>>> print(open('protein.txt').read())   # compact mmCIF, C-alpha atoms
# COMPACT_ATOMS: atom_id res chain seq x y z
CA MET A 132 1.92 64.40 114.82
CA ASN A 133 2.68 63.18 111.37
CA ASP A 134 2.92 59.44 111.91
CA PHE A 135 -0.67 58.51 111.23
CA THR A 136 -0.90 55.04 109.78
CA LEU A 137 -3.35 54.22 107.05
CA TRP A 138 -5.42 52.39 109.61
CA ASP A 139 -5.57 55.44 111.88
CA ILE A 140 -6.92 57.51 109.02
CA ALA A 141 -9.44 54.89 107.99
CA GLN A 142 -10.59 54.52 111.57
CA GLY A 143 -11.01 58.26 112.02
CA LEU A 144 -13.02 58.49 108.84
CA LEU A 145 -15.15 55.48 109.69
CA LEU A 146 -15.94 56.84 113.15
CA SER A 147 -17.01 60.17 111.69
CA ALA A 148 -19.09 58.42 109.04
CA ARG A 149 -21.41 57.47 111.90
CA TRP A 150 -22.42 61.13 112.18
CA THR A 151 -23.08 61.27 108.46
CA VAL A 152 -25.41 58.30 108.84
CA LEU A 153 -27.11 59.77 111.90
CA LEU A 154 -27.60 63.17 110.30
CA SER A 155 -28.99 61.51 107.16
CA LEU A 156 -31.47 59.58 109.28
CA ILE A 157 -32.54 62.70 111.18
CA ALA A 158 -33.02 64.61 107.92
CA PHE A 159 -34.88 61.77 106.27
CA VAL A 160 -37.19 60.95 109.17
CA GLY A 161 -37.77 64.61 110.03
CA GLY A 162 -38.24 65.52 106.38
CA GLY A 163 -40.63 62.61 105.96
CA VAL A 164 -42.75 63.72 108.91
CA VAL A 165 -42.88 67.37 107.81
CA GLY A 166 -43.38 66.46 104.14
CA GLY A 167 -46.11 64.00 105.02
CA ALA A 168 -47.84 66.57 107.20
CA MET A 169 -47.74 69.07 104.37
CA LEU A 170 -49.22 66.52 102.01
CA GLY A 171 -52.00 65.87 104.49
CA LEU A 172 -52.65 69.62 104.80
CA ARG A 173 -52.72 70.00 101.06
CA LEU A 174 -55.24 67.22 100.62
CA ALA A 175 -57.42 68.51 103.46
CA CYS A 176 -57.32 72.27 102.97
CA GLY A 177 -58.20 74.84 100.40
CA ASN A 178 -56.34 76.88 97.85
CA ARG A 179 -54.61 79.28 100.19
CA VAL A 180 -52.76 76.51 102.03
CA GLN A 181 -51.82 74.96 98.71
CA THR A 182 -50.31 78.23 97.52
CA ALA A 183 -48.34 78.57 100.76
CA ILE A 184 -46.97 75.03 100.42
CA LYS A 185 -46.09 75.62 96.80
CA LEU A 186 -44.15 78.71 97.81
CA TYR A 187 -42.35 76.77 100.54
CA VAL A 188 -41.29 74.07 98.09
CA GLU A 189 -40.18 76.64 95.50
CA LEU A 190 -38.17 78.45 98.17
CA PHE A 191 -36.27 75.36 99.31
CA GLN A 192 -35.77 73.92 95.84
CA GLY A 193 -34.78 77.24 94.28
CA THR A 194 -32.04 78.29 96.71
CA PRO A 195 -28.76 76.51 97.50
CA LEU A 196 -28.83 74.20 100.49
CA LEU A 197 -25.57 75.81 101.59
CA LEU A 198 -27.29 79.16 102.03
CA GLN A 199 -30.14 77.51 103.93
CA LEU A 200 -27.53 76.10 106.29
CA PHE A 201 -25.84 79.51 106.62
CA LEU A 202 -29.17 81.17 107.35
CA GLY A 203 -29.85 78.66 110.08
CA PHE A 204 -26.40 78.77 111.59
CA PHE A 205 -25.36 82.42 111.28
CA GLY A 206 -28.77 84.00 110.97
CA LEU A 207 -30.80 82.57 113.83
CA PRO A 208 -28.41 83.62 116.62
CA LEU A 209 -29.06 87.24 115.63
CA LEU A 210 -32.73 86.70 116.38
CA GLY A 211 -31.76 85.53 119.83
CA ILE A 212 -31.97 81.80 119.10
CA GLU A 213 -28.77 80.01 120.06
CA VAL A 214 -27.95 77.16 117.66
CA SER A 215 -25.22 74.54 117.58
CA PRO A 216 -24.00 73.08 114.28
CA TRP A 217 -26.04 70.00 115.21
CA MET A 218 -29.24 72.02 115.53
CA ALA A 219 -28.66 74.12 112.43
CA ALA A 220 -27.74 71.15 110.26
CA SER A 221 -30.66 69.04 111.48
CA VAL A 222 -33.21 71.80 111.02
CA ALA A 223 -31.97 73.00 107.62
CA LEU A 224 -31.62 69.49 106.22
CA THR A 225 -35.00 68.44 107.62
CA LEU A 226 -36.79 71.39 106.03
CA ASN A 227 -34.94 70.95 102.74
CA THR A 228 -35.69 67.23 102.63
CA SER A 229 -39.33 67.84 103.49
CA ALA A 230 -39.76 70.09 100.44
CA TYR A 231 -38.41 67.40 98.10
CA LEU A 232 -40.22 64.47 99.75
CA TYR A 233 -43.48 66.42 99.68
CA ASP A 234 -43.00 66.99 95.96
CA ILE A 235 -42.27 63.32 95.27
CA TRP A 236 -45.21 62.05 97.30
CA ARG A 237 -47.61 64.64 95.92
CA GLY A 238 -46.75 63.37 92.44
CA CYS A 239 -47.47 59.81 93.54
CA VAL A 240 -50.85 60.68 95.07
CA GLU A 241 -51.79 62.70 92.00
CA ALA A 242 -50.88 59.75 89.78
CA ILE A 243 -53.80 57.83 91.28
CA PRO A 244 -56.84 58.41 89.05
CA ARG A 245 -59.50 60.74 90.42
CA THR A 246 -62.07 58.00 89.94
CA GLN A 247 -60.46 56.07 92.78
CA TRP A 248 -61.32 58.92 95.17
CA GLN A 249 -64.82 59.11 93.73
CA ALA A 250 -65.40 55.39 93.97
CA ALA A 251 -64.22 55.39 97.57
CA ALA A 252 -66.48 58.36 98.34
CA SER A 253 -69.46 56.60 96.79
CA LEU A 254 -68.84 53.71 99.19
CA GLY A 255 -69.43 56.15 102.01
CA LEU A 256 -65.83 56.56 103.17
CA THR A 257 -64.82 59.86 104.70
CA ARG A 258 -62.04 61.86 103.06
CA ALA A 259 -59.49 60.56 105.60
CA GLN A 260 -60.66 56.98 105.10
CA GLN A 261 -60.45 57.34 101.32
CA LEU A 262 -56.85 58.37 101.69
CA ARG A 263 -56.03 55.73 104.28
CA TYR A 264 -57.64 52.68 102.70
CA VAL A 265 -57.86 53.39 98.99
CA ILE A 266 -55.37 56.00 97.80
CA TRP A 267 -52.42 55.46 100.14
CA PRO A 268 -51.95 51.72 99.49
CA GLN A 269 -51.75 52.41 95.76
CA ALA A 270 -49.64 55.56 96.01
CA ARG A 271 -47.19 53.84 98.37
CA ARG A 272 -46.23 51.34 95.69
CA ILE A 273 -45.30 54.07 93.22
CA ALA A 274 -43.59 56.14 95.90
CA THR A 275 -41.12 53.58 97.27
CA ALA A 276 -38.58 53.61 94.44
CA PRO A 277 -38.22 57.41 94.09
CA THR A 278 -38.13 57.78 97.88
CA VAL A 279 -35.27 55.32 98.24
CA GLY A 280 -33.56 57.06 95.32
CA PHE A 281 -33.95 60.39 97.05
CA LEU A 282 -32.33 59.00 100.19
CA VAL A 283 -29.09 59.03 98.19
CA GLN A 284 -29.50 62.79 97.73
CA VAL A 285 -30.04 63.18 101.47
CA VAL A 286 -26.83 61.32 102.33
CA LYS A 287 -24.90 63.40 99.83
CA SER A 288 -26.39 66.68 101.04
CA THR A 289 -25.20 66.03 104.62
CA ALA A 290 -21.67 66.67 103.32
CA LEU A 291 -22.52 70.36 103.21
CA ALA A 292 -23.03 70.41 106.97
CA SER A 293 -19.23 70.14 107.22
CA ILE A 294 -19.02 73.78 106.13
CA ILE A 295 -20.86 75.07 109.20
CA GLY A 296 -18.62 72.96 111.42
CA PHE A 297 -20.62 69.81 111.83
CA GLU A 298 -18.10 67.01 112.30
CA GLU A 299 -19.02 64.35 109.80
CA LEU A 300 -17.14 62.47 107.10
CA THR A 301 -16.20 65.38 104.85
CA ARG A 302 -15.05 67.62 107.68
CA THR A 303 -12.96 64.88 109.24
CA GLY A 304 -11.44 64.28 105.80
CA ASN A 305 -10.57 67.97 105.61
CA MET A 306 -9.03 68.04 109.06
CA LEU A 307 -7.01 64.87 108.46
CA THR A 308 -5.75 66.39 105.21
CA ASN A 309 -4.50 69.39 107.12
CA VAL A 310 -2.55 67.12 109.46
CA VAL A 311 -1.32 64.35 107.20
CA PHE A 312 -0.94 66.23 103.90
CA GLU A 313 -2.25 63.34 101.83
CA PRO A 314 -5.26 64.92 100.13
CA PHE A 315 -5.38 62.46 97.24
CA LEU A 316 -5.44 59.43 99.52
CA ILE A 317 -7.84 60.89 102.05
CA PHE A 318 -10.39 62.30 99.64
CA SER A 319 -10.31 59.01 97.74
CA MET A 320 -11.16 57.24 100.97
CA VAL A 321 -13.87 59.76 101.82
CA ALA A 322 -15.39 59.33 98.36
CA ALA A 323 -15.19 55.55 98.72
CA MET A 324 -17.07 55.70 102.02
CA TYR A 325 -19.83 57.87 100.57
CA PHE A 326 -20.00 55.46 97.66
CA ALA A 327 -20.31 52.54 100.05
CA MET A 328 -23.25 54.28 101.74
CA CYS A 329 -25.00 55.51 98.60
CA PHE A 330 -24.51 52.78 96.04
CA PRO A 331 -26.56 50.11 97.84
CA LEU A 332 -29.43 52.60 98.03
CA THR A 333 -29.10 53.48 94.32
CA TRP A 334 -29.02 49.81 93.47
CA TYR A 335 -32.04 49.02 95.65
CA ALA A 336 -34.00 51.90 94.11
CA ARG A 337 -33.23 50.46 90.69
CA VAL A 338 -34.41 47.00 91.73
CA LEU A 339 -37.64 48.49 93.08
CA GLU A 340 -38.14 50.43 89.86
CA ARG A 341 -37.69 47.33 87.74
CA ARG A 342 -40.04 45.32 89.93
CA GLN A 343 -42.65 48.05 89.68
CA GLY A 344 -42.22 48.19 85.90
CA LEU A 345 -42.87 44.46 85.72
CA ALA A 346 -45.91 44.78 87.93
CA LEU A 347 -47.34 47.49 85.71
CA LYS A 348 -46.78 45.43 82.56
CA SER A 349 -48.46 42.28 83.80
CA MET B 230 -36.78 89.50 119.58
CA THR B 231 -35.68 93.06 119.15
CA TYR B 232 -33.66 92.53 116.03
CA ILE B 233 -33.86 95.41 113.57
CA PHE B 234 -33.31 94.51 109.97
CA ASP B 235 -30.93 96.72 108.05
CA PHE B 236 -30.62 95.97 104.39
CA GLY B 237 -29.23 99.42 103.66
CA SER B 238 -25.70 98.60 104.74
CA MET B 239 -25.50 96.08 101.90
CA SER B 240 -26.11 98.60 99.16
CA GLN B 241 -22.49 99.71 98.84
CA TYR B 242 -21.48 96.14 98.02
CA ALA B 243 -23.62 95.88 94.90
CA GLY B 244 -20.47 95.55 92.80
CA VAL B 245 -19.25 92.51 94.76
CA LEU B 246 -22.68 90.95 94.42
CA LEU B 247 -22.85 91.54 90.67
CA HIS B 248 -19.39 90.07 90.22
CA GLY B 249 -20.58 87.02 92.16
CA VAL B 250 -23.61 86.67 89.90
CA GLY B 251 -21.31 86.84 86.88
CA VAL B 252 -18.98 84.13 88.21
CA THR B 253 -21.84 81.82 89.21
CA LEU B 254 -23.59 82.20 85.86
CA GLY B 255 -20.33 81.96 83.91
CA LEU B 256 -19.25 78.76 85.66
CA THR B 257 -22.73 77.27 85.28
CA GLY B 258 -22.91 78.17 81.59
CA ALA B 259 -19.43 76.92 80.74
CA SER B 260 -19.83 73.65 82.63
CA THR B 261 -23.26 73.12 81.08
CA LEU B 262 -21.85 73.42 77.57
CA ALA B 263 -18.86 71.19 78.32
CA GLY B 264 -20.85 68.73 80.43
CA GLY B 265 -23.68 68.62 77.88
CA ALA B 266 -21.23 67.90 75.05
CA LEU B 267 -19.59 65.15 77.11
CA GLY B 268 -23.06 63.85 77.90
CA VAL B 269 -23.93 63.45 74.22
CA VAL B 270 -20.58 61.83 73.40
CA GLY B 271 -20.82 59.56 76.44
CA ALA B 272 -24.37 58.49 75.61
CA ALA B 273 -23.33 57.76 71.99
CA LEU B 274 -20.41 55.65 73.22
CA LEU B 275 -22.65 53.85 75.71
CA ARG B 276 -24.79 52.89 72.73
CA SER B 277 -22.14 51.75 70.28
CA GLY B 278 -18.68 51.92 71.88
CA PRO B 279 -16.46 48.95 72.67
CA ARG B 280 -17.43 46.92 75.69
CA TRP B 281 -14.56 48.03 77.96
CA LEU B 282 -15.39 51.68 77.26
CA ARG B 283 -19.05 51.15 78.01
CA TRP B 284 -18.10 49.53 81.29
CA LEU B 285 -15.78 52.41 82.11
CA ILE B 286 -18.47 55.02 81.40
CA ALA B 287 -21.01 53.15 83.50
CA ALA B 288 -18.55 52.98 86.40
CA TYR B 289 -17.82 56.69 86.04
CA ILE B 290 -21.53 57.54 86.18
CA GLU B 291 -22.04 55.46 89.31
CA LEU B 292 -19.01 56.98 90.99
CA ILE B 293 -20.13 60.56 90.36
CA ARG B 294 -23.76 59.97 91.21
CA ASN B 295 -23.01 58.27 94.51
CA THR B 296 -20.58 60.78 96.00
CA PRO B 297 -21.26 64.37 97.15
CA PHE B 298 -20.28 67.19 94.82
CA ILE B 299 -18.23 68.90 97.53
CA VAL B 300 -16.04 65.79 97.89
CA GLN B 301 -15.53 65.73 94.12
CA LEU B 302 -14.57 69.40 94.25
CA PHE B 303 -12.09 68.88 97.10
CA PHE B 304 -10.68 65.87 95.29
CA VAL B 305 -10.05 67.92 92.15
CA PHE B 306 -8.72 70.96 93.99
CA PHE B 307 -6.72 69.41 96.84
CA GLY B 308 -6.20 65.85 95.59
CA LEU B 309 -5.13 66.22 91.97
CA PRO B 310 -2.02 68.33 92.73
CA SER B 311 -0.53 65.16 94.29
CA LEU B 312 -0.66 63.68 90.80
CA GLY B 313 1.03 66.77 89.40
CA VAL B 314 -2.15 68.36 88.06
CA ARG B 315 -2.22 71.80 89.62
CA LEU B 316 -5.32 73.84 88.91
CA GLY B 317 -6.39 77.35 89.84
CA GLN B 318 -9.61 77.79 91.82
CA ILE B 319 -11.75 78.68 88.81
CA GLU B 320 -10.32 75.86 86.71
CA ALA B 321 -10.83 73.35 89.51
CA ALA B 322 -14.41 74.51 90.01
CA PHE B 323 -15.08 74.31 86.28
CA LEU B 324 -13.57 70.83 86.02
CA ALA B 325 -15.48 69.48 89.02
CA MET B 326 -18.77 70.95 87.79
CA THR B 327 -18.23 69.62 84.27
CA LEU B 328 -17.35 66.12 85.50
CA ASN B 329 -20.40 66.11 87.74
CA LEU B 330 -22.79 67.42 85.11
CA ALA B 331 -21.43 65.08 82.43
CA ALA B 332 -22.32 61.99 84.47
CA TYR B 333 -25.94 63.10 84.90
CA ALA B 334 -26.14 64.32 81.29
CA ILE B 335 -25.00 60.93 79.93
CA GLU B 336 -27.75 59.23 81.91
CA ILE B 337 -30.38 61.71 80.74
CA VAL B 338 -29.37 61.64 77.06
CA ARG B 339 -29.18 57.84 77.15
CA ALA B 340 -32.76 57.73 78.41
CA GLY B 341 -33.71 60.09 75.58
CA ILE B 342 -32.07 57.88 72.96
CA GLU B 343 -33.91 54.87 74.33
CA SER B 344 -37.20 56.75 74.02
CA VAL B 345 -36.74 57.13 70.24
CA LYS B 346 -38.39 54.23 68.48
CA PRO B 347 -35.97 51.85 66.67
CA GLY B 348 -38.06 52.32 63.52
CA GLN B 349 -36.70 55.86 63.19
CA TYR B 350 -33.14 54.58 63.01
CA GLN B 351 -34.05 51.82 60.57
CA ALA B 352 -36.00 54.24 58.37
CA ALA B 353 -32.98 56.55 58.25
CA LEU B 354 -30.73 53.64 57.26
CA SER B 355 -33.15 52.61 54.53
CA LEU B 356 -32.91 56.15 53.11
CA GLY B 357 -29.21 55.52 52.59
CA LEU B 358 -27.83 57.37 55.62
CA SER B 359 -24.82 55.84 57.31
CA GLY B 360 -25.18 54.63 60.89
CA ARG B 361 -23.42 57.73 62.17
CA GLN B 362 -25.58 60.06 60.08
CA ALA B 363 -28.75 58.30 61.15
CA PHE B 364 -27.73 58.75 64.76
CA GLY B 365 -26.66 62.38 64.38
CA TYR B 366 -29.45 63.66 62.15
CA VAL B 367 -32.41 61.51 63.12
CA VAL B 368 -32.09 59.86 66.52
CA LEU B 369 -30.16 62.46 68.49
CA PRO B 370 -32.36 65.54 67.74
CA GLN B 371 -35.45 63.63 68.80
CA ALA B 372 -33.71 62.30 71.89
CA LEU B 373 -32.55 65.77 72.92
CA ALA B 374 -35.98 67.25 72.34
CA ALA B 375 -37.49 64.59 74.60
CA VAL B 376 -35.09 65.11 77.49
CA PHE B 377 -34.48 68.84 77.20
CA PRO B 378 -36.56 69.70 80.30
CA ALA B 379 -34.62 67.13 82.33
CA LEU B 380 -31.33 68.63 81.15
CA VAL B 381 -32.54 72.09 82.16
CA GLY B 382 -33.47 70.73 85.59
CA GLN B 383 -30.01 69.28 85.98
CA LEU B 384 -28.41 72.56 84.98
CA LEU B 385 -30.43 74.37 87.64
CA ILE B 386 -29.42 71.81 90.26
CA MET B 387 -25.81 72.37 89.22
CA MET B 388 -26.14 76.12 89.58
CA LEU B 389 -27.45 75.72 93.13
CA SER B 390 -24.83 73.14 94.12
CA SER B 391 -22.14 75.40 92.68
CA ALA B 392 -22.55 77.46 95.86
CA VAL B 393 -19.93 75.19 97.45
CA VAL B 394 -17.18 76.38 95.10
CA SER B 395 -16.98 79.38 97.42
CA GLN B 396 -15.23 76.94 99.77
CA ILE B 397 -12.16 76.86 97.53
CA SER B 398 -12.40 80.67 97.38
CA VAL B 399 -13.87 81.00 93.93
CA GLN B 400 -15.52 84.42 94.08
CA ASP B 401 -19.03 83.32 93.22
CA LEU B 402 -22.33 84.52 94.64
CA THR B 403 -21.96 82.66 97.95
CA TYR B 404 -18.44 83.99 98.32
CA ALA B 405 -19.91 87.47 97.87
CA ALA B 406 -22.40 86.68 100.63
CA ASN B 407 -19.65 85.68 103.02
CA PHE B 408 -17.55 88.67 102.03
CA ILE B 409 -20.36 91.15 102.58
CA GLN B 410 -21.44 89.64 105.88
CA SER B 411 -17.87 89.72 107.18
CA ARG B 412 -17.74 93.45 106.46
CA THR B 413 -21.20 94.51 107.60
CA PHE B 414 -21.86 91.88 110.32
CA ARG B 415 -25.37 91.72 108.87
CA SER B 416 -25.32 88.00 108.17
CA PHE B 417 -29.06 87.43 108.29
CA GLU B 418 -29.93 90.16 105.81
CA CYS B 419 -27.01 89.22 103.65
CA TYR B 420 -27.90 85.53 103.32
CA ILE B 421 -31.55 86.37 102.74
CA VAL B 422 -30.68 88.74 99.91
CA ILE B 423 -28.26 86.28 98.31
CA ALA B 424 -30.76 83.44 98.64
CA ALA B 425 -33.31 85.68 96.91
CA VAL B 426 -30.82 86.36 94.12
CA TYR B 427 -30.29 82.60 93.66
CA LEU B 428 -34.05 82.09 93.58
CA ALA B 429 -34.47 84.84 90.99
CA LEU B 430 -31.63 83.39 88.92
CA SER B 431 -33.09 79.90 88.92
CA VAL B 432 -36.57 81.14 88.00
CA ALA B 433 -35.18 83.36 85.22
CA LEU B 434 -32.81 80.68 83.94
CA ARG B 435 -35.63 78.15 83.72
CA LYS B 436 -37.74 80.62 81.74
CA VAL B 437 -34.90 81.42 79.34
CA CYS B 438 -33.99 77.76 78.83
CA ASN B 439 -37.59 76.74 78.22
CA ARG B 440 -37.95 79.44 75.60
CA LEU B 441 -34.67 78.36 74.03
CA GLY B 442 -35.87 74.76 74.03
CA ARG B 443 -39.10 75.71 72.30
CA ARG B 444 -37.15 77.51 69.61
CA LEU B 445 -34.49 74.82 69.18
CA PHE B 446 -36.97 72.00 68.90
CA ALA B 447 -39.73 73.96 67.21
CA GLY B 448 -40.21 71.41 64.42
CA GLN B 449 -40.73 68.47 66.73
CA LYS B 450 -44.09 67.53 68.05
CA ARG B 451 -43.76 65.88 71.41
>>> encode(input="protein.txt", output="structure tokens")
Amino acid sequence: MNDFTLWDIAQGLLLSARWTVLLSLIAFVGGGVVGGAMLGLRLACGNRVQTAIKLYVELFQGTPLLLQLFLGFFGLPLLGIEVSPWMAASVALTLNTSAYLYDIWRGCVEAIPRTQWQAAASLGLTRAQQLRYVIWPQARRIATAPTVGFLVQVVKSTALASIIGFEELTRTGNMLTNVVFEPFLIFSMVAAMYFAMCFPLTWYARVLERRQGLALKS
Amino acid sequence: MTYIFDFGSMSQYAGVLLHGVGVTLGLTGASTLAGGALGVVGAALLRSGPRWLRWLIAAYIELIRNTPFIVQLFFVFFGLPSLGVRLGQIEAAFLAMTLNLAAYAIEIVRAGIESVKPGQYQAALSLGLSGRQAFGYVVLPQALAAVFPALVGQLLIMMLSSAVVSQISVQDLTYAANFIQSRTFRSFECYIVIAAVYLALSVALRKVCNRLGRRLFAGQKR
């Protein structure tokens, strides 16, 4: 059992890193859809919906993601809903991501001066058209950099799914450690792989930020 | 859907829960103080240290910010003993949290220092203060006042991410949750209650810190 070569370990970790990437994508796309829908609701509806959304965001940002995962994985089966680690991780991460993305995007939409809405309204655009043709194109520019930056958080947060038994990079690292007894080596490699996934995103977010700063100055 | 909620069975474990709250708050507080201090030192060195040190600090920040906290924790707890550094659970948790918080704190304090106008530093020098005095008495207080809310935010994020230290069997709040649910088999109620406690802690902690910030930086108009 104990004659794993370095290459075997690296291969095992790399293969499991695929699930980290996939889970990150699910969380990001799902979170984007839910967050976007909430933003739409907020812009379209009255105070009561806004309060509900605010509560939702506070709930997901004010409790540990780990407990949200536990609630999904250990809690839902008691209500008669059977969940696999896949399901629980995807749902919990999606909801968590949606709360943060909603918050980021709301800030971006609110950064657009009210007069832009009013000007668009005075041109006879409906509320949806105002958003689609006037506000969104401007808000999108501000939103790109923080959204890419947040993607780093999403990738990192998928590591917690290992605790409920989802087999991604961190869990495979743990299991390999139990077999090979080389924790220093293996966790260094795991960290290096996360770094390889996250750093390009961090760097790209920084480039976008700088570009946006230049655009604002000129 | 015939599930009947039963929060009553948890009541006898109030002691475990309180102990968990104590550990979580203690670890968060200690690592905030240590990480905050490292943050100030690191930001000062980033500003005026030798080039190799600045490079080292920048690399450290990138490394911490681009890897998950749980991997850092496992590295400290499982990995460091291979180098002969053997730490207990609490010490490992404290070290990992401090290292993590320090990286973010350096970034935040650095941004604060950059927000202070260079004229302030020059004015302090012209009053006869040494460079170090000008930094310590004039630039740094203004920088900290400017970024205090961001530091508080980071501290709250740390408190919530500290839930994973239960994985190396530190007896924090999440550990208490797992302990209670393994005894009562009431996992849903248990996690809901503990999540509510975390929520209450983060709301209360934010309030306390904001009040503290207002008192600490009372003289500064920002």
>>> closest_residue(input="protein.txt", among="A:Val188, A:Leu232, A:Val240, A:Ala158", to="chain B", atoms="only C-alpha atoms")
A:Val188
>>> interface_residues(input="protein.txt", of="chain A", to="chain B", cutoff="7 Å", atoms="only C-alpha atoms", output="PyMOL selection string")
chain A and resi 193-195+197-198+202+205-206+210-211+287-288+290+301+314-315+318+322+325-326+329-330
>>> axis_aligned_box(input="protein.txt", around="range 329-335 of chain A", padding_each_side="4 Å", output="JSON")
{"center_x": -28.3, "center_y": 52.3, "center_z": 96.0, "size_x": 15.5, "size_y": 14.5, "size_z": 13.1}
>>> closest_residue(input="protein.txt", among="A:Arg337, A:Met169, A:Leu196, A:Asn227", to="Ala183 in chain A", atoms="all atoms listed in the file")
A:Met169
>>> closest_residue(input="protein.txt", among="B:Tyr366, B:Phe408, B:Tyr350, B:Tyr333", to="Val381 in chain B", atoms="only C-alpha atoms")
B:Tyr333
>>> atom_distance(input="protein.txt", atom1="CA of Leu384 in chain B", atom2="CA of Thr278 in chain A")
21.9 Å
>>> closest_residue(input="protein.txt", among="A:Met324, A:Val222, A:Ala259, A:Val311", to="Leu172 in chain A", atoms="only C-alpha atoms")
A:Ala259
>>> atom_distance(input="protein.txt", atom1="CA of Met239 in chain B", atom2="CA of Phe414 in chain B")
10.1 Å
>>> residues_around(input="protein.txt", residues="Gly280 in chain A", least_positions_apart="5", cutoff="8 Å", atoms="all atoms listed in the file", output="PyMOL selection string")
chain A and resi 332-333+336
>>> write_last_selection(input="protein.txt", atoms="C-alpha atoms", output="PDB file, in the frame of the given file")
ATOM      1  CA  LEU A 332     -29.430  52.600  98.030  1.00  0.00           C
ATOM      2  CA  THR A 333     -29.100  53.480  94.320  1.00  0.00           C
ATOM      3  CA  ALA A 336     -34.000  51.900  94.110  1.00  0.00           C
TER       4      ALA A 336
END
>>> residues_around(input="protein.txt", residues="Arg276 in chain B", least_positions_apart="6", cutoff="9 Å", atoms="all atoms listed in the file", output="ChimeraX atom specification")
/B:283,339,342
>>> closest_residue(input="protein.txt", among="A:Gly238, A:Pro277, A:Gly162, A:Pro244", to="Leu224 in chain A", atoms="all atoms listed in the file")
A:Gly162
>>> residues_around(input="protein.txt", residues="Ala243 in chain B", least_positions_apart="2", cutoff="12 Å", atoms="only C-alpha atoms", output="NGL selection string")
:B and (236-241 or 245-250 or 402 or 405-406 or 408-409 or 419 or 422-423 or 426)
>>> atom_distance(input="protein.txt", atom1="CA of Ala266 in chain B", atom2="CA of Val338 in chain B")
10.5 Å
>>> decode(input="protein.txt", residues="range 290-303 of chain A", atoms="N, CA and C atoms", output="compact mmCIF listing (two decimals), in the first residue's frame")
# COMPACT_ATOMS: atom_id res chain seq x y z
N ALA A 290 -13.53 23.96 -0.53
CA ALA A 290 -12.71 23.07 0.30
C ALA A 290 -13.50 22.56 1.49
N LEU A 291 -14.49 23.33 1.93
CA LEU A 291 -15.27 22.91 3.09
C LEU A 291 -16.17 21.72 2.78
N ALA A 292 -16.49 21.55 1.49
CA ALA A 292 -17.36 20.44 1.11
C ALA A 292 -16.68 19.11 1.43
N SER A 293 -15.36 19.12 1.58
CA SER A 293 -14.64 17.89 1.94
C SER A 293 -15.15 17.34 3.27
N ILE A 294 -15.59 18.23 4.15
CA ILE A 294 -15.97 17.79 5.50
C ILE A 294 -17.26 16.97 5.48
N ILE A 295 -18.15 17.25 4.53
CA ILE A 295 -19.36 16.42 4.47
C ILE A 295 -19.16 15.26 3.49
N GLY A 296 -17.92 14.99 3.12
CA GLY A 296 -17.64 13.79 2.34
C GLY A 296 -17.66 13.96 0.84
N PHE A 297 -17.62 15.19 0.39
CA PHE A 297 -17.53 15.43 -1.04
C PHE A 297 -16.07 15.25 -1.46
N GLU A 298 -15.84 14.39 -2.46
CA GLU A 298 -14.44 14.07 -2.77
C GLU A 298 -13.82 15.06 -3.73
N GLU A 299 -13.26 16.11 -3.15
CA GLU A 299 -12.52 17.06 -3.98
C GLU A 299 -11.08 17.12 -3.48
N LEU A 300 -10.39 18.18 -3.83
CA LEU A 300 -8.95 18.26 -3.60
C LEU A 300 -8.57 18.07 -2.13
N THR A 301 -9.24 18.79 -1.24
CA THR A 301 -8.84 18.73 0.17
C THR A 301 -9.07 17.34 0.76
N ARG A 302 -10.21 16.73 0.40
CA ARG A 302 -10.52 15.42 0.95
C ARG A 302 -9.53 14.37 0.43
N THR A 303 -9.24 14.45 -0.86
CA THR A 303 -8.26 13.51 -1.41
C THR A 303 -6.91 13.69 -0.72
